[in-house]
>>> print(open('data_15.cif').read())   # mmCIF, C-alpha atoms
data_entry
#
loop_
_atom_site.group_PDB
_atom_site.id
_atom_site.type_symbol
_atom_site.label_atom_id
_atom_site.label_comp_id
_atom_site.auth_asym_id
_atom_site.auth_seq_id
_atom_site.Cartn_x
_atom_site.Cartn_y
_atom_site.Cartn_z
ATOM 1 C CA MET A 1 21.248 6.841 -14.655
ATOM 2 C CA ASN A 2 23.445 4.188 -13.096
ATOM 3 C CA VAL A 3 22.600 0.842 -11.517
ATOM 4 C CA LEU A 4 22.301 2.339 -8.032
ATOM 5 C CA ASP A 5 19.823 4.946 -9.268
ATOM 6 C CA ARG A 6 17.752 2.261 -10.938
ATOM 7 C CA ALA A 7 17.854 0.120 -7.794
ATOM 8 C CA ARG A 8 16.674 3.015 -5.600
ATOM 9 C CA ILE A 9 13.837 3.828 -7.989
ATOM 10 C CA ALA A 10 12.830 0.164 -8.260
ATOM 11 C CA ASN A 11 12.872 -0.192 -4.477
ATOM 12 C CA ALA A 12 10.686 2.888 -3.931
ATOM 13 C CA THR A 13 8.290 1.813 -6.661
ATOM 14 C CA PHE A 14 8.050 -1.705 -5.262
ATOM 15 C CA SER A 15 7.426 -0.376 -1.753
ATOM 16 C CA TYR A 16 4.691 1.990 -2.984
ATOM 17 C CA ASP A 17 3.081 -0.822 -4.951
ATOM 18 C CA MET A 18 3.143 -3.114 -1.934
ATOM 19 C CA TRP A 19 1.359 -0.558 0.277
ATOM 20 C CA LEU A 20 -1.175 0.120 -2.455
ATOM 21 C CA ASP A 21 -1.785 -3.616 -2.734
ATOM 22 C CA LEU A 22 -2.215 -3.905 1.022
ATOM 23 C CA ARG A 23 -4.779 -1.118 0.869
ATOM 24 C CA GLY A 24 -6.774 -3.056 -1.722
ATOM 25 C CA VAL A 25 -5.959 -1.059 -4.848
ATOM 26 C CA PRO A 26 -6.759 -3.088 -7.996
ATOM 27 C CA GLY A 27 -3.854 -4.345 -10.134
ATOM 28 C CA ARG A 28 -4.529 -2.164 -13.170
ATOM 29 C CA ARG A 29 -4.640 1.025 -11.098
ATOM 30 C CA ARG A 30 -1.464 -0.021 -9.266
ATOM 31 C CA ARG A 31 0.287 -0.553 -12.588
ATOM 32 C CA ASP A 32 -0.647 3.000 -13.672
ATOM 33 C CA LEU A 33 0.545 4.502 -10.397
ATOM 34 C CA ARG A 34 3.766 2.482 -10.510
ATOM 35 C CA ARG A 35 4.528 3.656 -14.019
ATOM 36 C CA GLU A 36 3.799 7.274 -13.102
ATOM 37 C CA LEU A 37 5.987 7.142 -10.002
ATOM 38 C CA ARG A 38 8.831 5.535 -11.955
ATOM 39 C CA ALA A 39 8.674 8.291 -14.597
ATOM 40 C CA ASN A 40 8.550 11.039 -11.966
ATOM 41 C CA LEU A 41 11.454 9.545 -10.043
ATOM 42 C CA GLY A 42 13.431 9.259 -13.278
ATOM 43 C CA ASP A 43 12.913 12.966 -13.960
ATOM 44 C CA ALA A 44 13.719 13.921 -10.383
ATOM 45 C CA THR A 45 16.859 11.773 -10.468
ATOM 46 C CA SER A 46 18.192 13.633 -13.488
ATOM 47 C CA LEU A 47 17.823 16.911 -11.571
ATOM 48 C CA VAL A 48 18.578 16.150 -7.916
ATOM 49 C CA GLY A 49 19.946 12.588 -7.913
ATOM 50 C CA SER A 50 18.168 9.384 -6.994
ATOM 51 C CA ARG A 51 18.866 9.662 -3.275
ATOM 52 C CA ASN A 52 17.109 13.039 -2.985
ATOM 53 C CA ALA A 53 14.409 11.986 -5.430
ATOM 54 C CA VAL A 54 13.447 9.009 -3.295
ATOM 55 C CA ARG A 55 13.868 10.981 -0.063
ATOM 56 C CA GLY A 56 11.382 13.547 -1.382
ATOM 57 C CA LEU A 57 8.696 10.891 -1.429
ATOM 58 C CA GLY A 58 8.855 10.376 2.317
ATOM 59 C CA SER A 59 6.992 7.324 3.517
ATOM 60 C CA THR A 60 5.546 5.276 0.667
ATOM 61 C CA ARG A 61 3.058 3.895 3.173
ATOM 62 C CA GLU A 62 1.716 7.384 3.857
ATOM 63 C CA MET A 63 1.727 8.123 0.143
ATOM 64 C CA ALA A 64 -0.421 5.074 -0.540
ATOM 65 C CA ALA A 65 -2.796 6.074 2.253
ATOM 66 C CA ALA A 66 -2.992 9.665 1.014
ATOM 67 C CA ALA A 67 -3.684 8.575 -2.558
ATOM 68 C CA ASP A 68 -7.008 7.203 -1.289
ATOM 69 C CA VAL A 69 -7.573 4.956 -4.285
ATOM 70 C CA ALA A 70 -8.529 1.801 -2.409
ATOM 71 C CA ASP A 71 -11.376 -0.197 -3.869
ATOM 72 C CA PRO A 72 -13.716 -1.233 -1.012
ATOM 73 C CA THR A 73 -15.115 -4.054 -3.136
ATOM 74 C CA ARG A 74 -11.725 -5.746 -3.594
ATOM 75 C CA PRO A 75 -10.593 -8.450 -1.149
ATOM 76 C CA HIS A 76 -7.099 -8.185 0.339
ATOM 77 C CA TRP A 77 -5.687 -11.320 -1.287
ATOM 78 C CA ALA A 78 -2.040 -10.436 -0.625
ATOM 79 C CA VAL A 79 -2.707 -9.704 3.048
ATOM 80 C CA GLY A 80 -4.706 -12.920 3.355
ATOM 81 C CA PHE A 81 -1.938 -14.935 1.760
ATOM 82 C CA GLY A 82 0.680 -13.452 4.075
ATOM 83 C CA VAL A 83 -1.353 -13.906 7.252
ATOM 84 C CA GLY A 84 -2.507 -17.399 6.223
ATOM 85 C CA CYS A 85 1.052 -18.570 5.486
ATOM 86 C CA SER A 86 2.355 -17.046 8.717
ATOM 87 C CA LEU A 87 -0.233 -18.742 10.910
ATOM 88 C CA LEU A 88 0.197 -22.004 9.011
ATOM 89 C CA ALA A 89 3.937 -21.851 9.709
ATOM 90 C CA ILE A 90 3.427 -20.956 13.389
ATOM 91 C CA SER A 91 0.924 -23.779 13.943
ATOM 92 C CA LEU A 92 3.204 -26.248 12.122
ATOM 93 C CA ILE A 93 6.127 -25.253 14.345
ATOM 94 C CA ALA A 94 3.945 -25.605 17.455
ATOM 95 C CA GLU A 95 2.784 -29.034 16.330
ATOM 96 C CA LEU A 96 6.316 -30.177 15.521
ATOM 97 C CA LEU A 97 7.519 -29.060 18.946
ATOM 98 C CA ALA A 98 4.631 -30.951 20.550
ATOM 99 C CA THR A 99 5.531 -34.001 18.442
ATOM 100 C CA LEU A 100 9.166 -33.857 19.547
ATOM 101 C CA SER A 101 8.049 -33.562 23.154
ATOM 102 C CA TRP A 102 5.786 -36.613 22.791
ATOM 103 C CA LEU A 103 8.614 -38.585 21.176
ATOM 104 C CA ASP A 104 11.020 -37.634 23.979
ATOM 105 C CA GLY A 105 8.514 -38.990 26.454
ATOM 106 C CA ALA A 106 8.051 -42.176 24.452
ATOM 107 C CA ILE A 107 11.801 -42.745 24.129
ATOM 108 C CA ALA A 108 12.356 -42.057 27.844
ATOM 109 C CA ALA A 109 9.616 -44.555 28.775
ATOM 110 C CA ALA A 110 11.279 -47.207 26.571
ATOM 111 C CA PRO A 111 8.116 -49.279 26.004
ATOM 112 C CA GLU A 112 8.498 -52.895 24.846
ATOM 113 C CA ASN A 113 5.480 -52.700 22.510
ATOM 114 C CA ARG A 114 4.109 -50.189 20.024
ATOM 115 C CA VAL A 115 2.549 -47.090 21.606
ATOM 116 C CA SER A 116 0.417 -44.489 19.833
ATOM 117 C CA GLY A 117 -1.229 -41.226 20.756
ATOM 118 C CA ALA A 118 -2.556 -37.913 19.565
ATOM 119 C CA MET A 119 -1.904 -34.299 20.473
ATOM 120 C CA THR A 120 -4.653 -32.668 22.506
ATOM 121 C CA PHE A 121 -4.921 -29.387 20.626
ATOM 122 C CA PHE A 122 -4.427 -30.939 17.213
ATOM 123 C CA PRO A 123 -7.353 -33.240 16.472
ATOM 124 C CA GLY A 124 -6.639 -35.618 13.598
ATOM 125 C CA SER A 125 -2.975 -35.908 14.536
ATOM 126 C CA ASN A 126 -1.560 -39.353 15.125
ATOM 127 C CA LEU A 127 1.772 -40.395 16.603
ATOM 128 C CA ALA A 128 3.152 -43.895 16.954
ATOM 129 C CA TYR A 129 6.347 -45.255 18.451
ATOM 130 C CA SER A 130 7.433 -48.824 18.095
ATOM 131 C CA PRO A 131 10.705 -50.345 19.280
ATOM 132 C CA SER A 132 12.613 -52.482 16.798
ATOM 133 C CA ALA A 133 15.779 -54.550 16.822
ATOM 134 C CA SER A 134 17.806 -51.700 15.325
ATOM 135 C CA GLY A 135 16.308 -48.935 17.519
ATOM 136 C CA PHE A 136 12.776 -47.621 16.997
ATOM 137 C CA ASN A 137 10.306 -46.623 14.324
ATOM 138 C CA VAL A 138 8.209 -43.484 14.443
ATOM 139 C CA SER A 139 5.079 -42.647 12.527
ATOM 140 C CA ILE A 140 3.792 -39.057 12.500
ATOM 141 C CA ASN A 141 0.556 -37.742 11.066
ATOM 142 C CA LEU A 142 0.128 -34.016 11.744
ATOM 143 C CA GLY A 143 -3.576 -33.970 10.890
ATOM 144 C CA TRP A 144 -5.589 -31.179 9.359
ATOM 145 C CA VAL A 145 -5.659 -28.508 12.069
ATOM 146 C CA CYS A 146 -2.643 -26.562 10.756
ATOM 147 C CA LEU A 147 -4.178 -26.319 7.310
ATOM 148 C CA LEU A 148 -7.509 -25.281 8.825
ATOM 149 C CA ILE A 149 -5.844 -22.557 10.892
ATOM 150 C CA GLY A 150 -4.020 -21.258 7.809
ATOM 151 C CA LEU A 151 -7.197 -21.335 5.745
ATOM 152 C CA ILE A 152 -9.306 -19.546 8.370
ATOM 153 C CA ALA A 153 -6.598 -16.908 8.799
ATOM 154 C CA PHE A 154 -6.425 -16.446 5.037
ATOM 155 C CA VAL A 155 -10.199 -15.971 4.740
ATOM 156 C CA LEU A 156 -10.441 -13.604 7.717
ATOM 157 C CA ALA A 157 -7.548 -11.457 6.522
ATOM 158 C CA ALA A 158 -8.439 -11.492 2.809
ATOM 159 C CA ARG A 159 -12.099 -10.654 3.506
ATOM 160 C CA PRO A 160 -13.487 -12.182 0.292
ATOM 161 C CA TRP A 161 -16.994 -11.048 1.268
ATOM 162 C CA ARG A 162 -15.947 -7.593 0.054
ATOM 163 C CA LEU A 163 -16.711 -8.965 -3.413
ATOM 164 C CA LEU A 164 -20.367 -8.889 -2.375
ATOM 165 C CA ILE A 165 -20.281 -5.143 -1.648
ATOM 166 C CA HIS A 166 -22.074 -3.344 -4.435
ATOM 167 C CA PRO A 167 -19.788 -0.724 -6.035
ATOM 168 C CA ALA A 168 -22.564 1.909 -5.931
ATOM 169 C CA ALA A 169 -23.081 1.326 -2.195
ATOM 170 C CA SER A 170 -19.347 1.622 -1.537
ATOM 171 C CA ARG A 171 -19.180 4.977 -3.359
ATOM 172 C CA SER A 172 -21.895 6.440 -1.148
ATOM 173 C CA HIS A 173 -19.674 6.107 1.962
ATOM 174 C CA MET B 1 -0.521 23.736 4.358
ATOM 175 C CA LEU B 2 -4.255 24.308 4.891
ATOM 176 C CA LYS B 3 -6.572 21.529 3.831
ATOM 177 C CA GLY B 4 -7.730 21.968 0.252
ATOM 178 C CA VAL B 5 -5.098 24.550 -0.647
ATOM 179 C CA LEU B 6 -2.830 22.043 -2.367
ATOM 180 C CA SER B 7 -5.744 20.852 -4.494
ATOM 181 C CA LEU B 8 -6.552 24.440 -5.435
ATOM 182 C CA LEU B 9 -2.932 25.110 -6.364
ATOM 183 C CA LEU B 10 -2.695 21.971 -8.460
ATOM 184 C CA LEU B 11 -5.960 22.658 -10.263
ATOM 185 C CA ARG B 12 -4.763 26.175 -10.978
ATOM 186 C CA LEU B 13 -1.311 25.134 -12.205
ATOM 187 C CA VAL B 14 -2.651 22.342 -14.391
ATOM 188 C CA GLY B 15 -5.361 24.720 -15.620
ATOM 189 C CA ASP B 16 -2.661 27.121 -16.764
ATOM 190 C CA ARG B 17 -0.694 24.427 -18.523
ATOM 191 C CA ASP B 18 -0.968 20.638 -18.799
ATOM 192 C CA ASP B 19 1.867 19.115 -16.819
ATOM 193 C CA TYR B 20 3.165 15.946 -15.135
ATOM 194 C CA GLY B 21 3.848 15.147 -11.485
ATOM 195 C CA TYR B 22 7.470 16.093 -10.983
ATOM 196 C CA ALA B 23 7.202 19.239 -13.148
ATOM 197 C CA LEU B 24 4.313 20.372 -10.943
ATOM 198 C CA VAL B 25 6.443 19.799 -7.838
ATOM 199 C CA VAL B 26 9.200 21.926 -9.360
ATOM 200 C CA ARG B 27 6.719 24.667 -10.294
ATOM 201 C CA LEU B 28 5.274 24.711 -6.776
ATOM 202 C CA GLN B 29 8.713 24.793 -5.187
ATOM 203 C CA GLY B 30 9.717 27.557 -7.588
ATOM 204 C CA ALA B 31 6.638 29.506 -6.494
ATOM 205 C CA GLY B 32 7.889 29.494 -2.918
ATOM 206 C CA PHE B 33 6.527 26.240 -1.525
ATOM 207 C CA THR B 34 10.003 24.951 -0.818
ATOM 208 C CA GLU B 35 8.849 22.584 1.931
ATOM 209 C CA LEU B 36 6.374 20.859 -0.354
ATOM 210 C CA THR B 37 7.475 17.336 -1.207
ATOM 211 C CA GLU B 38 6.689 14.884 -3.955
ATOM 212 C CA GLY B 39 5.183 12.633 -1.299
ATOM 213 C CA SER B 40 2.271 15.020 -0.846
ATOM 214 C CA VAL B 41 1.874 16.218 -4.438
ATOM 215 C CA TYR B 42 1.674 12.807 -6.160
ATOM 216 C CA PRO B 43 -1.134 11.436 -3.930
ATOM 217 C CA ALA B 44 -2.998 14.741 -4.293
ATOM 218 C CA LEU B 45 -2.854 14.380 -8.082
ATOM 219 C CA THR B 46 -4.103 10.803 -7.781
ATOM 220 C CA ARG B 47 -7.002 11.939 -5.581
ATOM 221 C CA LEU B 48 -7.958 14.723 -7.976
ATOM 222 C CA GLU B 49 -7.880 12.307 -10.890
ATOM 223 C CA SER B 50 -9.973 9.737 -8.997
ATOM 224 C CA ALA B 51 -12.483 12.483 -8.178
ATOM 225 C CA GLY B 52 -12.789 13.314 -11.876
ATOM 226 C CA LEU B 53 -11.305 16.792 -11.465
ATOM 227 C CA LEU B 54 -8.221 15.953 -13.520
ATOM 228 C CA ASP B 55 -7.797 13.843 -16.606
ATOM 229 C CA SER B 56 -4.526 12.402 -17.844
ATOM 230 C CA ARG B 57 -2.715 11.125 -20.895
ATOM 231 C CA LEU B 58 0.629 9.419 -21.393
ATOM 232 C CA VAL B 59 3.246 11.288 -23.398
ATOM 233 C CA ARG B 60 6.431 9.617 -24.573
ATOM 234 C CA SER B 61 9.614 10.941 -23.063
ATOM 235 C CA THR B 62 13.065 10.850 -24.616
ATOM 236 C CA THR B 63 14.714 10.528 -21.217
ATOM 237 C CA GLY B 64 12.771 7.652 -19.682
ATOM 238 C CA PRO B 65 9.319 6.128 -19.221
ATOM 239 C CA ALA B 66 6.262 7.883 -20.625
ATOM 240 C CA ARG B 67 5.133 10.838 -18.528
ATOM 241 C CA LYS B 68 1.582 11.179 -17.302
ATOM 242 C CA TYR B 69 0.347 14.646 -18.205
ATOM 243 C CA TYR B 70 -2.682 15.999 -16.381
ATOM 244 C CA ASN B 71 -5.312 18.373 -17.651
ATOM 245 C CA VAL B 72 -8.296 19.891 -15.859
ATOM 246 C CA THR B 73 -11.755 18.534 -16.593
ATOM 247 C CA THR B 74 -14.899 20.666 -16.678
ATOM 248 C CA ALA B 75 -15.723 19.498 -13.165
ATOM 249 C CA GLY B 76 -12.174 20.448 -12.167
ATOM 250 C CA GLN B 77 -12.643 23.963 -13.527
ATOM 251 C CA SER B 78 -15.840 24.384 -11.503
ATOM 252 C CA GLU B 79 -14.119 23.026 -8.395
ATOM 253 C CA ALA B 80 -11.152 25.363 -8.931
ATOM 254 C CA ALA B 81 -13.506 28.341 -9.179
ATOM 255 C CA ARG B 82 -15.370 27.245 -6.032
ATOM 256 C CA ALA B 83 -12.133 26.667 -4.110
ATOM 257 C CA LEU B 84 -10.788 30.044 -5.228
ATOM 258 C CA ASP B 85 -13.946 31.772 -3.948
ATOM 259 C CA ALA B 86 -13.578 29.933 -0.622
ATOM 260 C CA TRP B 87 -9.931 30.969 -0.436
ATOM 261 C CA VAL B 88 -10.677 34.643 -1.143
ATOM 262 C CA THR B 89 -13.410 34.596 1.506
ATOM 263 C CA LEU B 90 -11.040 32.982 4.001
ATOM 264 C CA ILE B 91 -8.314 35.561 3.336
ATOM 265 C CA ALA B 92 -10.800 38.427 3.735
ATOM 266 C CA ASN B 93 -12.115 37.006 7.012
ATOM 267 C CA VAL B 94 -8.645 36.399 8.408
ATOM 268 C CA ASP B 95 -7.610 39.898 7.362
ATOM 269 C CA ARG B 96 -10.645 41.383 9.073
ATOM 270 C CA VAL B 97 -9.880 39.597 12.352
ATOM 271 C CA LEU B 98 -6.219 40.587 12.241
ATOM 272 C CA LYS B 99 -7.097 44.223 11.596
ATOM 273 C CA VAL B 100 -9.455 44.248 14.589
ATOM 274 C CA ARG B 101 -6.635 42.960 16.811
ATOM 275 C CA ASN B 102 -4.031 45.305 15.271
ATOM 276 C CA PRO B 103 -5.864 48.517 14.323
ATOM 277 C CA SER B 104 -2.598 50.279 13.445
#
>>> encode(input="data_15.cif", output="structure tokens")
Amino acid sequence: MNVLDRARIANATFSYDMWLDLRGVPGRRRRDLRRELRANLGDATSLVGSRNAVRGLGSTREMAAAADVADPTRPHWAVGFGVGCSLLAISLIAELLATLSWLDGAIAAAPENRVSGAMTFFPGSNLAYSPSASGFNVSINLGWVCLLIGLIAFVLAARPWRLLIHPAASRSH
Amino acid sequence: MLKGVLSLLLLRLVGDRDDYGYALVVRLQGAGFTELTEGSVYPALTRLESAGLLDSRLVRSTTGPARKYYNVTTAGQSEAARALDAWVTLIANVDRVLKVRNPS
């Protein structure tokens, strides 16, 4: 088995593991399934080559769905982390753009004294512009809204309340 | 493939001889199911194991990682017998309908 074969097998295994994780499969079970898939792909590679071995799997997303091993009592931490980070980044970018816009306005107005303000949709934010002999000074406080958005998105996507589902109740569905 | 048939085939094959995922794929393809892919067999094995119809053990391999060999549990044997009965009934019913339409 050469490096390319190993890379193809690792890629397929990683992809399968990711979809299992997104479906809420516990870590120990994922480790078992990963190991099994790696062994099967290794055997298939020795017979039909790694390209055909991986092609035979089809979509790893559909495989993970068909395996039906999701644990309904396990929160989706990985999904929550991804969604939380994404929304945190988006809200930070939006706030930075709003900050730049406010600063453009302040610079264009060329005030003689210090001016300060806040961004409407970002409570807790604070911006200040003050002219100085060498140009101007700027003070920026982005506030807490971005973090709050990221945190709420994380909680909603991770669904930690699944921990409260009783395993016996989940099996009856 | 009809729903439940793959499970019946897997229970039957594993019942005949303990085996691991890829070997079962090869056996099924050798039996004529050439369109059957690993992508449908591996999840089916996982489902059967989760349902308690198959049990498994790791066996060291000289060519790579340890292989996961499956064997049929008592519940799996009962399920295989039930599924086989259902299959035989289905075949008989289908046959009967086809004979009515084609009496020759």
>>> interface_residues(input="data_15.cif", of="chain A", to="chain B", cutoff="7 Å", atoms="all atoms listed in the file", output="list in words")
Glu36, Ala39, Asn40, Gly42, Asp43, Ala44, Gly56, Leu57, Gly58, Met63, Ala66, Ala67 and Asp68 of chain A
>>> resolve_selection(input="data_15.cif", expression="the PyMOL selection byres ((chain A and resi 22) around 10)", output="ChimeraX atom specification")
/A:16-21,23-25,61,64,70,75-80,158
>>> atom_distance(input="data_15.cif", atom1="CA of Thr62 (chain B)", atom2="CA of Asn52 (chain A)")
22.1 Å
>>> atom_distance(input="data_15.cif", atom1="CA of Ser86 (chain A)", atom2="CA of Ala12 (chain A)")
25.0 Å
>>> resolve_selection(input="data_15.cif", expression="the PyMOL selection byres ((chain B and resi 3-13) around 7)", output="list of chain:residue names")
B:Met1, B:Leu2, B:Val14, B:Gly15, B:Asp16, B:Arg17, B:Ala44, B:Val72, B:Gly76, B:Ala80, B:Ala83
>>> atom_distance(input="data_15.cif", atom1="CA of Thr73 (chain B)", atom2="CA of Arg57 (chain B)")
12.5 Å
>>> resolve_selection(input="data_15.cif", expression="the PyMOL selection byres ((chain A and resi 99) around 10)", output="MDAnalysis selection string")
chainID A and resid 93:98 100:105 118:119 125:127 140:142
>>> closest_residue(input="data_15.cif", among="A:Ser15, A:Asn113, A:Leu33, A:Leu4", to="Ser56 (chain B)", atoms="only C-alpha atoms")
A:Leu33
>>> axis_aligned_box(input="data_15.cif", around="region 65-82 of chain A", padding_each_side="6 Å", output="AutoDock Vina command-line options")
--center_x -7.2 --center_y -2.6 --center_z -0.1 --size_x 27.8 --size_y 36.6 --size_z 20.4
>>> residues_near_point(input="data_15.cif", point="(-9.8, -17.6, 2.6)", cutoff="6 Å", atoms="only C-alpha atoms", output="ChimeraX atom specification")
/A:151,154-155
>>> write_last_selection(input="data_15.cif", atoms="C-alpha atoms", output="CSV table (one decimal), keeping the file's coordinate frame")
chain,number,residue,atom,x,y,z
A,151,LEU,CA,-7.2,-21.3,5.7
A,154,PHE,CA,-6.4,-16.4,5.0
A,155,VAL,CA,-10.2,-16.0,4.7
>>> residues_around(input="data_15.cif", residues="Trp144 (chain A)", least_positions_apart="3", cutoff="9 Å", atoms="all atoms listed in the file", output="list in words")
Phe122, Pro123, Gly124, Ser125, Leu147, Leu148 and Ile149 of chain A
>>> residues_around(input="data_15.cif", residues="Thr73 (chain A)", least_positions_apart="5", cutoff="6 Å", atoms="all atoms listed in the file", output="PyMOL selection string")
chain A and resi 162-163+165
>>> write_last_selection(input="data_15.cif", atoms="C-alpha atoms", output="short mmCIF file (atom, residue, chain, number, x, y, z; two decimals), in the coordinates of the input")
data_model
loop_
_atom_site.label_atom_id
_atom_site.label_comp_id
_atom_site.auth_asym_id
_atom_site.auth_seq_id
_atom_site.Cartn_x
_atom_site.Cartn_y
_atom_site.Cartn_z
CA ARG A 162 -15.95 -7.59 0.05
CA LEU A 163 -16.71 -8.96 -3.41
CA ILE A 165 -20.28 -5.14 -1.65
#
>>> closest_residue(input="data_15.cif", among="A:Met1, A:Ala133, A:Ala10, A:Val145", to="Val48 (chain A)", atoms="only C-alpha atoms")
A:Met1
